[in-house]
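Here the structure comes first, spelled out in structure tokens, and everything after it is commentary.
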Amino acid sequence: MNQRLPRLLALALCAGLPALTLADVDKVYSPRIQAGDLELETRGTYLDDDQPEDGRWLQKFSLGYAFSDRFALEAYLNTEKLPGEDFELEAYELEGRFNLFQNRDHALALLGEVEKEREDDVWEYKIGPLYEQRLPADWRLRLNAFAEKQDGADAEEDEIEYSGAAQLAWLADDELAPALEYYGESGNHGAGPVLLGEFELGGHELEWEAGAIFGLSDGADDVVYRWSLEAEF
């Protein structure tokens with residue numbers, strides 16, 4: 001294992017990374033894949049900021065399956081609720097993860113994603129590495145780095161955008177673990193505390209995450225609250 005890899009990925013997150021927005025705060029992905037896993041997930045974000053979109057709520061619903069220890073596929077329905085309005089279906093998304101290696105201490109995968117807006121001719125493509133490393137004293141580090149590109153007649157951006165995310169979690173207790181997360185794009189950054197947990201219900205394992213990401217730079221949103229709930233079968 002090349003010990004320089006975590007440092008290179010960390011630099012990709014922080015160097016040369018438009019403003020941090022609600023849509024950029026999502027989750028820090030794990031590169032690990034276990035063959036046969038069937039997953040149902042919902043995750044959302046809520047914007048608390050002194051701007052017209054204050055109260056904007058995004059919620060995703062997904063179904064995923066791991067066809068092998070190397071490949072997993074997940075399909076999403078992405079919804080949005082603006083202040084004073086009802087939830088509306090905004091986009092469809094298909095996401096694939098390709099594991100390159102994984103052992104007890106390290107894992108590396110590649111994520112590829114295609115999203116299509118429901119009403120507009122806008123396609124968005126995302127690709128990037130996912131890395132995880134177990135550290136001494138029950139610490140775990142996850143790093144994600146992405147390149148994104150829009151296409152279609154209604155696309156507003158025609159340049160490649162780069163983003164990154166990181167999570168440092170203390171896993172001494174699987175039922176409740178504290179973590180710190182970071183999200184960033186183009187020099188705009190946000191970070192904040194997150195809680196991770198898992199429990200069993202009806203013989204199935206459920207994992208949850210909840211936290212708050214605070215803007216750390218000009219142009220970033222004040223606070224974005226994020227949460228997720230995932231069931232494995």
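By order in the structure tokens, chains are A, B, ...; within a chain, residues start at 1; ligands start at 1, following the order shown.
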
Please report, as CSV, each residue of stretch 79-108 of chain A lying at most 8 Å from stretch 132-136 of chain A, together with the nearest pair of atoms and the separation in Å rounded to one decimal; use only C-alpha atoms, and order rows by chain and ascending residue number.
```
residue,atom,partner,partner_atom,distance
A:Arg104,CA,A:Arg134,CA,7.7
A:Asp105,CA,A:Arg134,CA,4.9
A:His106,CA,A:Gln133,CA,4.6
A:Ala107,CA,A:Glu132,CA,5.2
A:Leu108,CA,A:Glu132,CA,6.6
```

File dump, residues just selected, C-alpha atoms, as a compact mmCIF listing (two decimals), in the first residue's frame:
```
# COMPACT_ATOMS: atom_id res chain seq x y z
CA ARG A 104 -9.01 -4.47 7.00
CA ASP A 105 -7.06 -1.20 7.03
CA HIS A 106 -7.52 0.35 3.59
CA ALA A 107 -10.02 0.54 0.75
CA LEU A 108 -10.07 2.41 -2.55
```

Quick one: residues within 7 Å of stretch 117-124 of chain A, only C-alpha atoms, excluding same-chain residues fewer than 4 positions away - as a list in words?
Glu90, Ala91, Tyr92, Glu148, Lys149, Gln150, Asp151, Gly152, Ala153, Asp154 and Ala155 of chain A

Residue nearest A:Trp57 - candidates A:Arg70, A:Lys27, A:Lys116, A:Arg43, atoms counted: only C-alpha atoms
A:Arg43

How close does stretch 32-62 of chain A get to stretch 78-87 of chain A? List, as a Markdown table, each residue of stretch 32-62 of chain A within 7 Å, its nearest atom pair and the distance in Å to one decimal, counting only C-alpha atoms.
```
| residue | atom | partner | partner_atom | distance |
| --- | --- | --- | --- | --- |
| A:Gly55 | CA | A:Pro83 | CA | 5.6 |
| A:Arg56 | CA | A:Leu82 | CA | 4.7 |
| A:Trp57 | CA | A:Lys81 | CA | 5.0 |
| A:Leu58 | CA | A:Glu80 | CA | 4.5 |
| A:Gln59 | CA | A:Thr79 | CA | 5.2 |
| A:Lys60 | CA | A:Asn78 | CA | 4.5 |
| A:Phe61 | CA | A:Asn78 | CA | 6.6 |
```

Length of the atom CA of A:Gly192 to atom CA of A:Leu180 vector [Å]:
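According to the coordinates, atom CA of A:Gly192 and atom CA of A:Leu180 are separated by 5.7 Å.
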
For A:Asp24, which residue among A:Glu198, A:Ala75, A:Leu229, A:Gly164 is the nearest when counting only C-alpha atoms?
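The answer is A:Gly164, which sits nearest to A:Asp24.
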
Work out how far atom CA of A:Gly190 is from atom CA of A:Gly219, in Å to one decimal.
10.4 Å

Would you mind telling me which residue in A:Glu156, A:Asp222, A:Ala145, A:Ala231 lies nearest to A:Asp50 when using only C-alpha atoms?
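Nearest to A:Asp50: A:Asp222.
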
Stretch 34-119 of chain A residues near stretch 209-218 of chain A within 10 Å, closest pair each, using only C-alpha atoms, as JSON lines:
```
{"residue": "A:Arg43", "atom": "CA", "partner": "A:Glu209", "partner_atom": "CA", "distance": 8.8}
{"residue": "A:Gly44", "atom": "CA", "partner": "A:Ala210", "partner_atom": "CA", "distance": 9.6}
{"residue": "A:Thr45", "atom": "CA", "partner": "A:Ala212", "partner_atom": "CA", "distance": 9.3}
{"residue": "A:Tyr46", "atom": "CA", "partner": "A:Ala212", "partner_atom": "CA", "distance": 9.4}
{"residue": "A:Leu47", "atom": "CA", "partner": "A:Ile213", "partner_atom": "CA", "distance": 9.9}
{"residue": "A:Asp48", "atom": "CA", "partner": "A:Phe214", "partner_atom": "CA", "distance": 9.8}
{"residue": "A:Asp49", "atom": "CA", "partner": "A:Gly215", "partner_atom": "CA", "distance": 9.9}
```

Selection file, N, CA and C atoms, as a tab-separated table (two decimals), in the first residue's frame:
```
chain	number	residue	atom	x	y	z
A	43	ARG	N	-31.71	10.17	2.32
A	43	ARG	CA	-30.85	11.17	2.96
A	43	ARG	C	-31.27	12.56	2.49
A	44	GLY	N	-31.10	13.52	3.38
A	44	GLY	CA	-31.57	14.86	3.07
A	44	GLY	C	-30.68	15.94	3.63
A	45	THR	N	-30.92	17.17	3.14
A	45	THR	CA	-30.21	18.36	3.63
A	45	THR	C	-31.20	19.51	3.73
A	46	TYR	N	-30.98	20.37	4.71
A	46	TYR	CA	-31.86	21.53	4.96
A	46	TYR	C	-30.99	22.76	5.14
A	47	LEU	N	-31.34	23.83	4.41
A	47	LEU	CA	-30.54	25.05	4.41
A	47	LEU	C	-31.06	26.05	5.44
A	48	ASP	N	-30.19	26.50	6.32
A	48	ASP	CA	-30.48	27.56	7.29
A	48	ASP	C	-29.53	28.71	7.00
A	49	ASP	N	-30.05	29.70	6.25
A	49	ASP	CA	-29.16	30.76	5.76
A	49	ASP	C	-29.97	32.02	5.51
```

Which residue of A:Glu88, A:Ser163, A:Ala72, A:Leu195 approaches A:Glu39 most closely, using only C-alpha atoms
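Looking at the shortest contact to A:Glu39, the residue is A:Ala72.
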